[in-house]
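Novice: Below: one structure in C-alpha cells.
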Amino acid sequence: EDLAKVQAIAPTLESLIVMTGTPEQPIRNVSLRGLELSTVNNAVITGGFGASKDGAAISIRNASDILVERITVANVGVYGVKAVNVENLGVRHSTIHHTGAGGILIEGRRSSVESTLIHDVGLLDPGGIALWAKGEASSDLSLLDNVLHDTSYTAIAANGTDTQIERNRITRAVNVLSDGAAVYLSNTTAAVVRHNIVSDMQDTDLTRFAYYFDEQSRNCLLEYNVSLRSPLALQTHMAQGIVARNNLFLNSGKLLLRFLKSKESSFSQNISVA
C-alpha cells in the first residue's frame, strides 16, 4: 500500500443527527428512513459502564413518536443510535456495525428495536453494549427479531420493567471483556426472555454467560430459549422469582447452570446436554 495514494477520511463531528427536546416540549413525529451514516469521531472520554457516556451518530433526547427505519450506521467511533427519555420510538430493519462504542441504547417507555442487525461493536471502548434497554425507570421496551454477532462485551442488556427480549439470534458475544453475557438483565422486573438462540460463546475461563439474571432481577421468565456451544449457559445472582422452563442448553464439553444467592426461583422442563 502506497501511503502517498491512500485516501483518508477523518471525522470532525461527534454526532450526525441530533434531536433534542425538553421534558415539557419533546420532539414529536419524526421519521428517519433509508439513510447511510458513517465517520463519526469519539470524544475520547471515560465512557463509564456500557460506554453509556459516549455519544452517538444518531442522538435523540426527550422525544416521542420517532421512527428510525432502514438506516445503516457504520465506521463510527461512538454508539450507532442513542435515545434517552423517549416514548414510542421504533428502530426497525436497520444495520449498525463497526462502532467504537455500542450499537443501540434506548432509555424510555413503550419503544422497540426490531429486525435489526448489529455486529462488530466496541472497537474503541470495549465496554460498549450492542443493544441496551437501559434505565431502571424504563418500561415496556421490546427487543425483537434482531441478529447480533461479534460483540466486545454484552450483546443484549436490559433494566427497567416489562422488557420483552424475544426471537433474537446472538453469536460470539463478549469477545474482549469478561463478566458479560449474550443476554444480561439487572435491576429488572417482569422481563420476558423467550425464543432466543445464543451460540458460540468463547468462554475458556467461565466468565461469559449465555443468559444472566443479575442483582435485583425480579419475577422474570426465561422460556423456549437455546444455548448452543456455550459452557456457562445460565446464571442467576442475587435475583428473585426467576422462572426458567422449557429451554435447551447444549454443549459438547462442560455445561454449567448456576443459581447464586437467588431465591424463590424455579427450573423445570429444561433439557441440558453436555
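Residues in the C-alpha cells are numbered from 1 in each chain, the chains being A, B, ... in the order shown, and ligands are numbered from 1 in the order shown.
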Which residues are near A:Ser59? Cut-off 10 Å, only C-alpha atoms, ignore same chain within fewer than 6 positions. Put them as JSON, numbers by chain.

Specialist: {"A": [14, 15, 16, 17, 18, 19, 20, 79, 80, 81, 82, 83, 84, 105]}

Novice: As a PyMOL selection string, list the residues of stretch 51-237 of chain A assigned to strand (DSSP E) by DSSP on the backbone atoms of this structure.

Specialist: chain A and resi 56-69+72-76+79-92+95-99+104-114+117-121+131-133+139-144+147-151+156-161+164-166+169-171+180-189+192-194+197-199+208-213+221-223+226-228+232-237

Novice: How about saving the chosen residues, C-alpha atoms kept, as a compact mmCIF listing (two decimals), in the first residue's frame?

Specialist:
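Result file follows (result.txt):
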# COMPACT_ATOMS: atom_id res chain seq x y z
CA ALA A 56 -23.91 8.51 19.03
CA ALA A 57 -24.21 9.01 15.31
CA ILE A 58 -27.96 9.48 15.87
CA SER A 59 -28.64 11.18 19.20
CA ILE A 60 -32.24 11.57 20.42
CA ARG A 61 -33.29 13.05 23.76
CA ASN A 62 -36.73 13.99 25.11
CA ALA A 63 -38.77 12.79 22.15
CA SER A 64 -41.87 10.78 21.29
CA ASP A 65 -43.30 9.03 18.23
CA ILE A 66 -39.96 8.63 16.45
CA LEU A 67 -39.26 6.07 13.71
CA VAL A 68 -35.76 5.02 12.59
CA GLU A 69 -36.17 2.60 9.69
CA THR A 72 -27.19 1.94 8.17
CA VAL A 73 -24.62 3.28 10.63
CA ALA A 74 -21.05 2.07 10.10
CA ASN A 75 -17.48 3.03 10.93
CA VAL A 76 -18.28 5.44 13.74
CA TYR A 79 -22.84 4.42 19.51
CA GLY A 80 -24.93 3.98 16.40
CA VAL A 81 -28.20 5.19 17.98
CA LYS A 82 -28.69 6.61 21.45
CA ALA A 83 -32.18 7.61 22.60
CA VAL A 84 -32.82 8.90 26.13
CA ASN A 85 -36.18 9.79 27.70
CA VAL A 86 -38.14 8.68 24.66
CA GLU A 87 -41.62 7.26 24.18
CA ASN A 88 -42.99 5.31 21.22
CA LEU A 89 -39.64 5.14 19.46
CA GLY A 90 -39.04 2.35 16.97
CA VAL A 91 -35.81 1.20 15.31
CA ARG A 92 -36.59 -1.30 12.54
CA THR A 95 -27.90 -2.21 10.37
CA ILE A 96 -25.34 -0.98 12.91
CA HIS A 97 -21.75 -2.19 12.58
CA HIS A 98 -18.13 -1.35 13.29
CA THR A 99 -18.74 1.14 16.07
CA ILE A 104 -28.17 0.97 20.15
CA LEU A 105 -29.09 2.39 23.57
CA ILE A 106 -32.72 3.16 24.39
CA GLU A 107 -33.96 4.59 27.66
CA GLY A 108 -37.66 5.35 27.94
CA ARG A 109 -41.13 3.86 27.56
CA ARG A 110 -43.10 1.85 25.01
CA SER A 111 -40.25 1.66 22.49
CA SER A 112 -38.71 -1.11 20.42
CA VAL A 113 -35.79 -2.36 18.34
CA GLU A 114 -36.88 -4.92 15.76
CA LEU A 117 -28.51 -6.38 12.51
CA ILE A 118 -25.79 -5.29 14.95
CA HIS A 119 -22.21 -6.54 14.79
CA ASP A 120 -18.57 -5.66 15.42
CA VAL A 121 -19.20 -3.09 18.13
CA LEU A 131 -28.28 -3.47 22.28
CA TRP A 132 -29.26 -1.91 25.59
CA ALA A 133 -32.74 -1.28 27.01
CA SER A 139 -40.79 0.31 30.91
CA ASP A 140 -42.35 -1.75 28.13
CA LEU A 141 -39.28 -1.89 25.90
CA SER A 142 -39.20 -4.61 23.23
CA LEU A 143 -36.12 -6.14 21.59
CA LEU A 144 -37.45 -8.48 18.92
CA VAL A 147 -29.36 -10.56 14.89
CA LEU A 148 -26.21 -9.73 16.85
CA HIS A 149 -22.70 -11.10 16.47
CA ASP A 150 -19.10 -10.34 17.33
CA THR A 151 -19.56 -8.04 20.29
CA ILE A 156 -28.28 -7.53 24.87
CA ALA A 157 -28.70 -5.82 28.25
CA ALA A 158 -31.91 -4.74 29.95
CA ASN A 159 -33.08 -2.85 33.03
CA GLY A 160 -36.49 -1.49 33.93
CA THR A 161 -39.93 -3.09 33.89
CA GLN A 164 -39.54 -8.21 26.10
CA ILE A 165 -36.47 -9.94 24.63
CA GLU A 166 -37.74 -12.37 22.02
CA ARG A 169 -30.08 -14.59 17.42
CA ILE A 170 -26.75 -13.94 19.16
CA THR A 171 -23.39 -15.38 18.11
CA GLY A 180 -20.70 -10.24 30.46
CA ALA A 181 -23.42 -12.16 28.69
CA ALA A 182 -25.26 -12.66 25.45
CA VAL A 183 -28.42 -11.67 27.37
CA TYR A 184 -27.85 -9.78 30.62
CA LEU A 185 -30.52 -8.42 32.97
CA SER A 186 -30.15 -6.44 36.19
CA ASN A 187 -32.49 -4.18 38.15
CA THR A 188 -35.22 -5.68 36.01
CA THR A 189 -38.79 -6.58 36.92
CA VAL A 192 -39.74 -11.98 29.36
CA VAL A 193 -36.83 -13.70 27.60
CA ARG A 194 -38.28 -16.10 25.03
CA ILE A 197 -30.79 -18.51 20.34
CA VAL A 198 -27.30 -17.94 21.77
CA SER A 199 -24.32 -19.75 20.30
CA ARG A 208 -19.02 -15.27 29.90
CA PHE A 209 -22.67 -16.27 30.13
CA ALA A 210 -25.38 -17.10 27.63
CA TYR A 211 -28.26 -15.93 29.90
CA TYR A 212 -27.57 -13.96 33.08
CA PHE A 213 -30.09 -12.59 35.60
CA LEU A 221 -39.35 -15.52 32.74
CA LEU A 222 -36.83 -17.49 30.65
CA GLU A 223 -38.55 -19.95 28.33
CA VAL A 226 -31.48 -22.20 23.23
CA SER A 227 -27.87 -22.03 24.38
CA LEU A 228 -25.55 -23.80 21.93
CA LEU A 232 -21.88 -21.23 31.06
CA ALA A 233 -25.44 -21.40 29.83
CA LEU A 234 -27.35 -19.79 32.71
CA GLN A 235 -26.58 -17.82 35.84
CA THR A 236 -28.78 -16.07 38.36
CA HIS A 237 -27.10 -13.92 41.00

Novice: Go through A:Val6, A:Ala274, A:Leu13, A:Ala130 and flag the residue nearest A:Gly100, using only C-alpha atoms for the distances.

Specialist: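 So, comparing all the options, the nearest one is A:Ala130.
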
Novice: Using only C-alpha atoms, which residue out of A:Ala244, A:Ala43, A:Met238, A:Leu3 lies closest to A:Cys220?

Specialist: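 Of all the options, A:Ala244 lies closest to A:Cys220.
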
Novice: Select, from A:Asn175, A:Asn219, A:Asn42, A:Gln202, the residue with the minimum atom-to-atom distance to A:Gln240, counting only C-alpha atoms.

Specialist: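 Result for the nearest residue to A:Gln240: A:Asn219.
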
Novice: In Å, how far is it from atom CA of A:Ala101 to atom CA of A:Arg258?

Specialist: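 Result for atom CA of A:Ala101 versus atom CA of A:Arg258: 29.8 Å, one decimal.
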